[in-house]
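Content type PDB, C-alpha atoms and all ligand atoms, from the file run.pdb:
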MODEL        1
ATOM      1  CA  MET T   1     106.209 169.371 287.859  1.00  0.00           C
ATOM      2  CA  ALA T   2     102.983 170.033 285.941  1.00  0.00           C
ATOM      3  CA  GLU T   3      99.771 168.588 287.382  1.00  0.00           C
ATOM      4  CA  LEU T   4      97.999 165.971 285.275  1.00  0.00           C
ATOM      5  CA  THR T   5      94.623 166.950 283.807  1.00  0.00           C
ATOM      6  CA  ASP T   6      91.425 164.970 284.481  1.00  0.00           C
ATOM      7  CA  SER T   7      91.636 163.494 281.005  1.00  0.00           C
ATOM      8  CA  GLN T   8      95.247 162.412 281.592  1.00  0.00           C
ATOM      9  CA  LEU T   9      94.332 160.868 284.937  1.00  0.00           C
ATOM     10  CA  ARG T  10      91.613 158.835 283.184  1.00  0.00           C
ATOM     11  CA  ARG T  11      93.841 157.864 280.242  1.00  0.00           C
ATOM     12  CA  TYR T  12      96.757 156.656 282.380  1.00  0.00           C
ATOM     13  CA  ALA T  13      94.661 155.311 285.285  1.00  0.00           C
ATOM     14  CA  ARG T  14      95.780 151.665 284.995  1.00  0.00           C
ATOM     15  CA  GLN T  15      99.426 152.619 284.695  1.00  0.00           C
ATOM     16  CA  LEU T  16      99.759 155.218 287.433  1.00  0.00           C
ATOM     17  CA  ILE T  17      98.191 152.985 290.116  1.00  0.00           C
ATOM     18  CA  VAL T  18     101.203 150.703 289.681  1.00  0.00           C
ATOM     19  CA  PRO T  19     103.366 151.665 292.701  1.00  0.00           C
ATOM     20  CA  GLN T  20     106.579 151.689 290.656  1.00  0.00           C
ATOM     21  CA  VAL T  21     105.093 154.352 288.346  1.00  0.00           C
ATOM     22  CA  ASP T  22     102.745 156.425 290.541  1.00  0.00           C
ATOM     23  CA  LEU T  23     101.591 159.979 289.766  1.00  0.00           C
ATOM     24  CA  GLU T  24     105.096 161.368 289.863  1.00  0.00           C
ATOM     25  CA  GLY T  25     106.332 158.750 287.395  1.00  0.00           C
ATOM     26  CA  GLN T  26     103.492 159.619 285.034  1.00  0.00           C
ATOM     27  CA  GLN T  27     104.450 163.291 285.245  1.00  0.00           C
ATOM     28  CA  ARG T  28     108.041 162.368 284.479  1.00  0.00           C
ATOM     29  CA  LEU T  29     106.914 160.416 281.397  1.00  0.00           C
ATOM     30  CA  HIS T  30     105.020 163.507 280.283  1.00  0.00           C
ATOM     31  CA  THR T  31     108.266 165.528 280.172  1.00  0.00           C
ATOM     32  CA  ALA T  32     110.442 162.673 278.800  1.00  0.00           C
ATOM     33  CA  ARG T  33     112.121 163.086 275.402  1.00  0.00           C
ATOM     34  CA  VAL T  34     113.247 160.024 273.451  1.00  0.00           C
ATOM     35  CA  LEU T  35     114.847 159.307 270.066  1.00  0.00           C
ATOM     36  CA  ILE T  36     113.896 156.039 268.380  1.00  0.00           C
ATOM     37  CA  VAL T  37     116.353 155.126 265.606  1.00  0.00           C
ATOM     38  CA  GLY T  38     114.390 153.004 263.149  1.00  0.00           C
ATOM     39  CA  ALA T  39     110.693 152.615 262.345  1.00  0.00           C
ATOM     40  CA  GLY T  40     110.704 148.904 261.511  1.00  0.00           C
ATOM     41  CA  GLY T  41     110.074 145.721 263.479  1.00  0.00           C
ATOM     42  CA  LEU T  42     111.642 147.094 266.664  1.00  0.00           C
ATOM     43  CA  GLY T  43     110.680 150.728 266.225  1.00  0.00           C
ATOM     44  CA  VAL T  44     106.961 150.268 265.576  1.00  0.00           C
ATOM     45  CA  PRO T  45     105.935 148.435 268.779  1.00  0.00           C
ATOM     46  CA  MET T  46     108.226 150.498 271.031  1.00  0.00           C
ATOM     47  CA  ALA T  47     106.940 153.764 269.563  1.00  0.00           C
ATOM     48  CA  GLN T  48     103.329 152.644 269.941  1.00  0.00           C
ATOM     49  CA  TYR T  49     103.805 151.607 273.564  1.00  0.00           C
ATOM     50  CA  LEU T  50     105.823 154.683 274.520  1.00  0.00           C
ATOM     51  CA  ALA T  51     103.230 156.984 272.945  1.00  0.00           C
ATOM     52  CA  GLY T  52     100.504 155.003 274.666  1.00  0.00           C
ATOM     53  CA  ALA T  53     102.323 155.302 277.999  1.00  0.00           C
ATOM     54  CA  GLY T  54     102.443 159.097 277.670  1.00  0.00           C
ATOM     55  CA  VAL T  55     106.106 159.749 276.825  1.00  0.00           C
ATOM     56  CA  GLY T  56     105.786 163.433 275.941  1.00  0.00           C
ATOM     57  CA  PHE T  57     108.199 163.756 273.024  1.00  0.00           C
ATOM     58  CA  ILE T  58     109.086 160.997 270.567  1.00  0.00           C
ATOM     59  CA  ARG T  59     111.492 161.636 267.685  1.00  0.00           C
ATOM     60  CA  ILE T  60     111.737 158.854 265.105  1.00  0.00           C
ATOM     61  CA  ALA T  61     114.464 158.646 262.461  1.00  0.00           C
ATOM     62  CA  ASP T  62     114.204 156.317 259.447  1.00  0.00           C
ATOM     63  CA  ASP T  63     114.493 156.882 255.687  1.00  0.00           C
ATOM     64  CA  ASP T  64     112.904 153.588 254.592  1.00  0.00           C
ATOM     65  CA  ARG T  65     109.611 153.151 252.815  1.00  0.00           C
ATOM     66  CA  ILE T  66     107.053 150.493 253.719  1.00  0.00           C
ATOM     67  CA  GLU T  67     107.313 147.196 251.821  1.00  0.00           C
ATOM     68  CA  LEU T  68     104.961 144.220 251.747  1.00  0.00           C
ATOM     69  CA  SER T  69     107.547 142.074 253.576  1.00  0.00           C
ATOM     70  CA  ASN T  70     107.386 144.496 256.545  1.00  0.00           C
ATOM     71  CA  LEU T  71     103.705 143.908 257.299  1.00  0.00           C
ATOM     72  CA  PRO T  72     104.007 140.644 259.311  1.00  0.00           C
ATOM     73  CA  ARG T  73     105.968 142.492 262.038  1.00  0.00           C
ATOM     74  CA  GLN T  74     105.377 146.186 261.607  1.00  0.00           C
ATOM     75  CA  VAL T  75     101.738 145.975 262.533  1.00  0.00           C
ATOM     76  CA  ALA T  76     100.986 149.700 262.569  1.00  0.00           C
ATOM     77  CA  TYR T  77     101.289 149.641 258.756  1.00  0.00           C
ATOM     78  CA  THR T  78      98.630 148.446 256.330  1.00  0.00           C
ATOM     79  CA  GLU T  79      98.629 147.312 252.702  1.00  0.00           C
ATOM     80  CA  ALA T  80      97.483 150.811 251.701  1.00  0.00           C
ATOM     81  CA  ASP T  81     100.675 152.254 253.260  1.00  0.00           C
ATOM     82  CA  VAL T  82     103.111 150.285 251.035  1.00  0.00           C
ATOM     83  CA  GLY T  83     105.482 152.741 249.331  1.00  0.00           C
ATOM     84  CA  ARG T  84     105.026 155.525 251.909  1.00  0.00           C
ATOM     85  CA  LEU T  85     107.763 156.705 254.262  1.00  0.00           C
ATOM     86  CA  LYS T  86     107.658 154.696 257.485  1.00  0.00           C
ATOM     87  CA  VAL T  87     108.179 157.717 259.730  1.00  0.00           C
ATOM     88  CA  ASP T  88     105.264 159.600 258.140  1.00  0.00           C
ATOM     89  CA  VAL T  89     102.826 156.729 258.607  1.00  0.00           C
ATOM     90  CA  LEU T  90     104.039 155.869 262.099  1.00  0.00           C
ATOM     91  CA  ALA T  91     103.773 159.501 263.200  1.00  0.00           C
ATOM     92  CA  GLU T  92     100.158 159.597 261.947  1.00  0.00           C
ATOM     93  CA  ARG T  93      99.281 156.420 263.853  1.00  0.00           C
ATOM     94  CA  LEU T  94     100.950 157.629 267.073  1.00  0.00           C
ATOM     95  CA  ARG T  95      99.191 161.005 266.959  1.00  0.00           C
ATOM     96  CA  ALA T  96      95.861 159.282 266.280  1.00  0.00           C
ATOM     97  CA  GLY T  97      96.372 157.137 269.379  1.00  0.00           C
ATOM     98  CA  ASN T  98      97.577 159.904 271.696  1.00  0.00           C
ATOM     99  CA  ALA T  99      97.217 163.501 270.525  1.00  0.00           C
ATOM    100  CA  GLU T 100      99.082 164.746 273.611  1.00  0.00           C
ATOM    101  CA  VAL T 101     102.358 163.217 272.453  1.00  0.00           C
ATOM    102  CA  THR T 102     104.642 165.341 270.284  1.00  0.00           C
ATOM    103  CA  VAL T 103     105.965 163.186 267.428  1.00  0.00           C
ATOM    104  CA  ASP T 104     108.946 164.467 265.464  1.00  0.00           C
ATOM    105  CA  ALA T 105     109.280 162.346 262.304  1.00  0.00           C
ATOM    106  CA  ARG T 106     112.667 162.606 260.563  1.00  0.00           C
ATOM    107  CA  ALA T 107     113.128 160.850 257.213  1.00  0.00           C
ATOM    108  CA  VAL T 108     116.881 160.445 257.691  1.00  0.00           C
ATOM    109  CA  ARG T 109     119.224 157.592 258.498  1.00  0.00           C
ATOM    110  CA  PHE T 110     121.160 157.905 261.765  1.00  0.00           C
ATOM    111  CA  ASP T 111     124.912 158.211 261.228  1.00  0.00           C
ATOM    112  CA  THR T 112     127.759 160.255 262.640  1.00  0.00           C
ATOM    113  CA  ASP T 113     126.751 163.205 260.399  1.00  0.00           C
ATOM    114  CA  SER T 114     123.008 163.278 261.161  1.00  0.00           C
ATOM    115  CA  GLY T 115     123.489 162.077 264.734  1.00  0.00           C
ATOM    116  CA  SER T 116     124.140 165.325 266.571  1.00  0.00           C
ATOM    117  CA  ASP T 117     121.026 166.961 265.110  1.00  0.00           C
ATOM    118  CA  LEU T 118     118.884 163.905 265.922  1.00  0.00           C
ATOM    119  CA  LEU T 119     120.192 163.749 269.497  1.00  0.00           C
ATOM    120  CA  ASP T 120     119.372 167.406 270.174  1.00  0.00           C
ATOM    121  CA  THR T 121     117.114 167.817 273.270  1.00  0.00           C
ATOM    122  CA  VAL T 122     116.477 164.083 273.832  1.00  0.00           C
ATOM    123  CA  THR T 123     117.481 162.325 277.059  1.00  0.00           C
ATOM    124  CA  LEU T 124     117.440 158.675 275.960  1.00  0.00           C
ATOM    125  CA  VAL T 125     118.087 156.878 272.668  1.00  0.00           C
ATOM    126  CA  LEU T 126     116.488 153.596 271.609  1.00  0.00           C
ATOM    127  CA  ASP T 127     118.189 151.531 268.916  1.00  0.00           C
ATOM    128  CA  ALA T 128     115.695 149.928 266.540  1.00  0.00           C
ATOM    129  CA  THR T 129     117.975 149.676 263.525  1.00  0.00           C
ATOM    130  CA  ASP T 130     118.902 146.086 262.610  1.00  0.00           C
ATOM    131  CA  SER T 131     122.327 147.470 261.663  1.00  0.00           C
ATOM    132  CA  LEU T 132     125.716 146.947 263.292  1.00  0.00           C
ATOM    133  CA  GLN T 133     127.065 150.146 261.731  1.00  0.00           C
ATOM    134  CA  ALA T 134     124.141 152.207 263.028  1.00  0.00           C
ATOM    135  CA  ARG T 135     124.597 150.800 266.552  1.00  0.00           C
ATOM    136  CA  GLN T 136     128.274 151.675 266.477  1.00  0.00           C
ATOM    137  CA  ASP T 137     127.374 155.199 265.330  1.00  0.00           C
ATOM    138  CA  ILE T 138     124.773 155.502 268.103  1.00  0.00           C
ATOM    139  CA  ASP T 139     127.319 154.280 270.653  1.00  0.00           C
ATOM    140  CA  ARG T 140     129.925 156.774 269.493  1.00  0.00           C
ATOM    141  CA  THR T 141     127.697 159.847 269.149  1.00  0.00           C
ATOM    142  CA  THR T 142     125.682 159.327 272.359  1.00  0.00           C
ATOM    143  CA  ARG T 143     128.917 158.889 274.261  1.00  0.00           C
ATOM    144  CA  GLN T 144     130.229 162.218 272.994  1.00  0.00           C
ATOM    145  CA  VAL T 145     127.211 164.041 274.453  1.00  0.00           C
ATOM    146  CA  GLU T 146     126.804 161.706 277.455  1.00  0.00           C
ATOM    147  CA  LEU T 147     123.414 160.215 276.648  1.00  0.00           C
ATOM    148  CA  PRO T 148     122.314 156.709 277.640  1.00  0.00           C
ATOM    149  CA  TRP T 149     120.970 154.294 275.016  1.00  0.00           C
ATOM    150  CA  ILE T 150     119.310 150.908 274.818  1.00  0.00           C
ATOM    151  CA  MET T 151     120.254 148.490 272.042  1.00  0.00           C
ATOM    152  CA  GLY T 152     118.073 145.679 270.792  1.00  0.00           C
ATOM    153  CA  SER T 153     118.350 143.088 268.058  1.00  0.00           C
ATOM    154  CA  ALA T 154     116.447 140.034 266.930  1.00  0.00           C
ATOM    155  CA  VAL T 155     117.035 137.373 264.280  1.00  0.00           C
ATOM    156  CA  ARG T 156     115.158 134.134 263.574  1.00  0.00           C
ATOM    157  CA  THR T 157     113.883 133.130 267.043  1.00  0.00           C
ATOM    158  CA  SER T 158     116.383 134.876 269.315  1.00  0.00           C
ATOM    159  CA  GLY T 159     116.886 138.374 270.625  1.00  0.00           C
ATOM    160  CA  GLN T 160     119.366 140.495 272.581  1.00  0.00           C
ATOM    161  CA  TRP T 161     119.119 143.788 274.436  1.00  0.00           C
ATOM    162  CA  ALA T 162     121.359 145.898 276.666  1.00  0.00           C
ATOM    163  CA  ALA T 163     121.412 149.389 278.177  1.00  0.00           C
ATOM    164  CA  PHE T 164     124.493 151.634 278.203  1.00  0.00           C
ATOM    165  CA  ASP T 165     124.803 154.475 280.721  1.00  0.00           C
ATOM    166  CA  SER T 166     125.741 157.996 279.673  1.00  0.00           C
ATOM    167  CA  ARG T 167     129.391 157.693 280.799  1.00  0.00           C
ATOM    168  CA  ARG T 168     129.867 154.000 279.853  1.00  0.00           C
ATOM    169  CA  ARG T 169     131.249 153.282 283.313  1.00  0.00           C
ATOM    170  CA  LEU T 170     130.675 149.535 282.896  1.00  0.00           C
ATOM    171  CA  GLY T 171     131.554 149.246 279.243  1.00  0.00           C
ATOM    172  CA  CYS T 172     130.134 150.263 275.878  1.00  0.00           C
ATOM    173  CA  TYR T 173     128.739 148.658 272.743  1.00  0.00           C
ATOM    174  CA  HIS T 174     132.215 148.624 271.188  1.00  0.00           C
ATOM    175  CA  CYS T 175     133.417 146.600 274.220  1.00  0.00           C
ATOM    176  CA  LEU T 176     130.580 144.158 273.591  1.00  0.00           C
ATOM    177  CA  MET T 177     131.367 143.782 269.908  1.00  0.00           C
ATOM    178  CA  SER T 178     134.801 142.366 270.698  1.00  0.00           C
ATOM    179  CA  ASP T 179     133.013 139.550 272.559  1.00  0.00           C
ATOM    180  CA  PRO T 180     132.166 136.515 270.383  1.00  0.00           C
ATOM    181  CA  ILE T 181     128.608 136.296 271.797  1.00  0.00           C
ATOM    182  CA  GLY T 182     127.936 139.971 271.229  1.00  0.00           C
ATOM    183  CA  ALA T 183     129.441 139.879 267.774  1.00  0.00           C
ATOM    184  CA  GLN T 184     126.575 137.841 266.273  1.00  0.00           C
ATOM    185  CA  HIS T 185     125.173 140.580 264.097  1.00  0.00           C
ATOM    186  CA  ALA T 186     123.762 139.200 260.859  1.00  0.00           C
ATOM    187  CA  SER T 187     120.541 140.982 259.916  1.00  0.00           C
ATOM    188  CA  CYS T 188     116.916 139.813 259.710  1.00  0.00           C
ATOM    189  CA  ALA T 189     117.032 140.277 255.938  1.00  0.00           C
ATOM    190  CA  GLU T 190     119.836 137.697 255.772  1.00  0.00           C
ATOM    191  CA  LEU T 191     118.665 135.206 258.417  1.00  0.00           C
ATOM    192  CA  GLY T 192     114.925 135.800 258.719  1.00  0.00           C
ATOM    193  CA  ILE T 193     112.779 136.699 261.695  1.00  0.00           C
ATOM    194  CA  VAL T 194     109.577 135.461 263.338  1.00  0.00           C
ATOM    195  CA  GLY T 195     107.415 138.505 264.060  1.00  0.00           C
ATOM    196  CA  PRO T 196     106.644 138.095 267.775  1.00  0.00           C
ATOM    197  CA  ILE T 197     110.367 137.749 268.614  1.00  0.00           C
ATOM    198  CA  VAL T 198     111.197 141.230 267.420  1.00  0.00           C
ATOM    199  CA  ALA T 199     108.139 142.566 269.282  1.00  0.00           C
ATOM    200  CA  LEU T 200     109.331 140.905 272.519  1.00  0.00           C
ATOM    201  CA  VAL T 201     112.726 142.610 272.266  1.00  0.00           C
ATOM    202  CA  SER T 202     111.117 145.896 271.274  1.00  0.00           C
ATOM    203  CA  LEU T 203     108.753 145.897 274.235  1.00  0.00           C
ATOM    204  CA  GLN T 204     111.566 145.010 276.628  1.00  0.00           C
ATOM    205  CA  GLN T 205     113.368 148.124 275.347  1.00  0.00           C
ATOM    206  CA  ALA T 206     110.158 150.168 275.725  1.00  0.00           C
ATOM    207  CA  LEU T 207     109.691 148.929 279.289  1.00  0.00           C
ATOM    208  CA  TRP T 208     113.267 149.839 280.161  1.00  0.00           C
ATOM    209  CA  ALA T 209     112.757 153.298 278.650  1.00  0.00           C
ATOM    210  CA  ILE T 210     109.706 153.784 280.884  1.00  0.00           C
ATOM    211  CA  LYS T 211     111.681 152.543 283.877  1.00  0.00           C
ATOM    212  CA  TYR T 212     114.555 154.893 283.068  1.00  0.00           C
ATOM    213  CA  PHE T 213     112.267 157.920 282.801  1.00  0.00           C
ATOM    214  CA  VAL T 214     110.358 157.005 285.966  1.00  0.00           C
ATOM    215  CA  ASP T 215     113.143 156.071 288.380  1.00  0.00           C
ATOM    216  CA  ASP T 216     116.346 157.031 286.558  1.00  0.00           C
ATOM    217  CA  SER T 217     117.933 153.583 286.774  1.00  0.00           C
ATOM    218  CA  LEU T 218     118.475 150.546 284.574  1.00  0.00           C
ATOM    219  CA  PRO T 219     120.508 147.327 284.709  1.00  0.00           C
ATOM    220  CA  TRP T 220     123.375 148.934 282.795  1.00  0.00           C
ATOM    221  CA  ALA T 221     125.887 146.963 280.730  1.00  0.00           C
ATOM    222  CA  GLN T 222     124.170 143.597 280.946  1.00  0.00           C
ATOM    223  CA  LEU T 223     123.568 141.777 277.693  1.00  0.00           C
ATOM    224  CA  HIS T 224     120.290 139.875 277.883  1.00  0.00           C
ATOM    225  CA  ILE T 225     120.024 137.009 275.425  1.00  0.00           C
ATOM    226  CA  MET T 226     116.774 135.159 274.794  1.00  0.00           C
ATOM    227  CA  ASP T 227     115.772 132.262 272.589  1.00  0.00           C
ATOM    228  CA  ALA T 228     112.046 132.796 272.649  1.00  0.00           C
ATOM    229  CA  TRP T 229     111.349 129.550 270.783  1.00  0.00           C
ATOM    230  CA  SER T 230     112.886 127.362 273.501  1.00  0.00           C
ATOM    231  CA  GLY T 231     112.347 129.820 276.352  1.00  0.00           C
ATOM    232  CA  GLU T 232     116.043 129.918 277.259  1.00  0.00           C
ATOM    233  CA  ARG T 233     117.386 133.184 278.634  1.00  0.00           C
ATOM    234  CA  THR T 234     120.875 134.171 279.737  1.00  0.00           C
ATOM    235  CA  GLN T 235     122.617 137.330 280.913  1.00  0.00           C
ATOM    236  CA  LEU T 236     126.166 138.424 280.354  1.00  0.00           C
ATOM    237  CA  ALA T 237     127.680 141.171 282.517  1.00  0.00           C
ATOM    238  CA  LEU T 238     129.789 143.458 280.354  1.00  0.00           C
ATOM    239  CA  SER T 239     132.973 145.181 281.426  1.00  0.00           C
ATOM    240  CA  VAL T 240     135.309 147.778 279.982  1.00  0.00           C
ATOM    241  CA  ARG T 241     137.623 145.939 277.606  1.00  0.00           C
ATOM    242  CA  PRO T 242     141.271 147.035 277.672  1.00  0.00           C
ATOM    243  CA  ASP T 243     141.348 146.810 273.873  1.00  0.00           C
ATOM    244  CA  CYS T 244     138.132 148.814 273.279  1.00  0.00           C
ATOM    245  CA  PRO T 245     138.952 151.700 270.900  1.00  0.00           C
ATOM    246  CA  LEU T 246     136.276 154.013 272.343  1.00  0.00           C
ATOM    247  CA  CYS T 247     136.961 153.354 276.035  1.00  0.00           C
ATOM    248  CA  GLN T 248     140.707 153.712 275.498  1.00  0.00           C
ATOM    249  CA  SER T 249     140.357 157.071 273.749  1.00  0.00           C
ATOM    250  CA  ALA T 250     137.982 158.240 276.510  1.00  0.00           C
ATOM    251  CA  GLU T 251     140.587 157.358 279.170  1.00  0.00           C
ATOM    252  CA  SER T 252     143.437 159.240 277.583  1.00  0.00           C
TER     253      SER T 252
HETATM  254 ZN    ZN E   1     134.193 150.289 275.296  1.00  0.00          ZN
ENDMDL
END
Just give me the structure of the file as structure tokens.
Amino acid sequence: MAELTDSQLRRYARQLIVPQVDLEGQQRLHTARVLIVGAGGLGVPMAQYLAGAGVGFIRIADDDRIELSNLPRQVAYTEADVGRLKVDVLAERLRAGNAEVTVDARAVRFDTDSGSDLLDTVTLVLDATDSLQARQDIDRTTRQVELPWIMGSAVRTSGQWAAFDSRRRLGCYHCLMSDPIGAQHASCAELGIVGPIVALVSLQQALWAIKYFVDDSLPWAQLHIMDAWSGERTQLALSVRPDCPLCQSAES
């Protein structure tokens, strides 16, 4: 594994003295390759923190343009950016913060057609979409090429996140969606969102991405549910559902 330069040792000093990360973990982050699907309320903070942490390659896919109503949560964007493509602006901000990170901005929406190209060469996928359909597409396409992914969602004052392993040994997102708790999927545009909630979920996903790259493990197939207004948190262990269309077709 490549040695870190003096400048890298200074930049990441506070992070690599954490025993769980260490020098080797920092080197692993340097060679890590992630796809972030979405450059909105979830995608902006996670991209900023992963670039800051030294994740070597960050691909971001989103075809939206910045609107005024995005600014309360998507704090990398300014009033002057309204109307520009989110991925272009976010890539500029990430490169300005850490020139060592390779940012691959793709102005496309993730779906089953664009998916295989977007997944090429990455080793982890982060869902930052606010879309049930996109999450189902991520679940399906990452499963085909055996990649792990981390979902996240937030509406009003509550958030959810879960990590799915490359083989879906403990269940998949389609298993979760047949559960009444998991099936709550109305979007922020419909129900509203308080900015810090989406950042909390986003940074939990970013932290798990760092943990995955550093020590290759995550609490797979556990749905974490948080109401950040009241402080209540619960966890739900997922399992392979006998009626899951994806798990059934994988078995046969
Ligand atoms: Zn399943």
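Between Lys211 in chain T and the residues T:Ile17, T:Leu29, T:Leu90, T:Val194, the shortest atom-to-atom distance, using all atoms listed in the file, involves T:Leu29.
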Run the PyMOL selection byres (((not hetatm)) within 12 of (chain E and resi 1)) against the file shown and list the residues it catches, as an MDAnalysis selection string. chainID T and resid 136 139:140 143 164:165 167:179 221 238:251
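Around Glu100 in chain T, within 12 Å and counting only C-alpha atoms, the residues found are T:Leu4, T:Thr5, T:Ser7, T:Gln8, T:Arg11, T:Leu29, T:His30, T:Thr31, T:Ala51, T:Gly52, T:Ala53, T:Gly54, T:Val55, T:Gly56, T:Phe57, T:Ile58, T:Leu94, once anything fewer than 6 positions away on its own chain is removed.
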Where does the PyMOL selection byres (((chain T and resi 68) around 12) and not hetatm) land in this file, that is, which residues does it pick, as number ranges by chain? T: 65-67, 69-75, 77-84
Choose the residue, out of T:Ile193, T:Met226, T:Ile150, T:Leu35, that has the smallest atom-to-atom separation from Asp117 in chain T; count all atoms listed in the file. T:Leu35
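Distances to Arg93 in chain T were evaluated for T:Ala47, T:Arg59, T:Asp111, T:Ser158 using all atoms listed in the file, and the minimum falls at T:Ala47.
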Proximity to Glu146 in chain T - best of T:Asp113, T:Asp88, T:Asp64, T:Asp120, only C-alpha atoms: T:Asp120
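Atom to atom, CA of Phe110 in chain T and CA of Arg28 in chain T stand 26.6 Å apart.
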Apply the PyMOL selection byres (((chain T and resi 107) around 9) and not hetatm) to the displayed file and report the matching residues as number ranges by chain. T: 60-64, 85-88, 105-106, 108-109
Atom pair CA of Leu200 in chain T / CA of Gly38 in chain T: separation (Å): 16.1 Å
Give the centre and edge lengths of an axis-aligned box, in Å to one decimal, that holds all listed atoms of range 147-153 of chain T with 6 Å on each side, as lines of an AutoDock Vina configuration file.
center_x = 120.7
center_y = 151.7
center_z = 272.8
size_x = 17.3
size_y = 29.1
size_z = 21.6
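The nearest approach to Gln160 in chain T among the residues T:Leu236, T:Leu119, T:Val103, T:Leu124, with all atoms listed in the file taken into account, belongs to T:Leu236.
Computed from the coordinates, the CA of Val21 in chain T to CA of Ala99 in chain T distance equals 21.5 Å.
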Which residue, T:Ser114, T:Gln20, T:Gln48, T:Ser131, has the smallest gap to Gly97 in chain T when you use all atoms listed in the file? T:Gln48
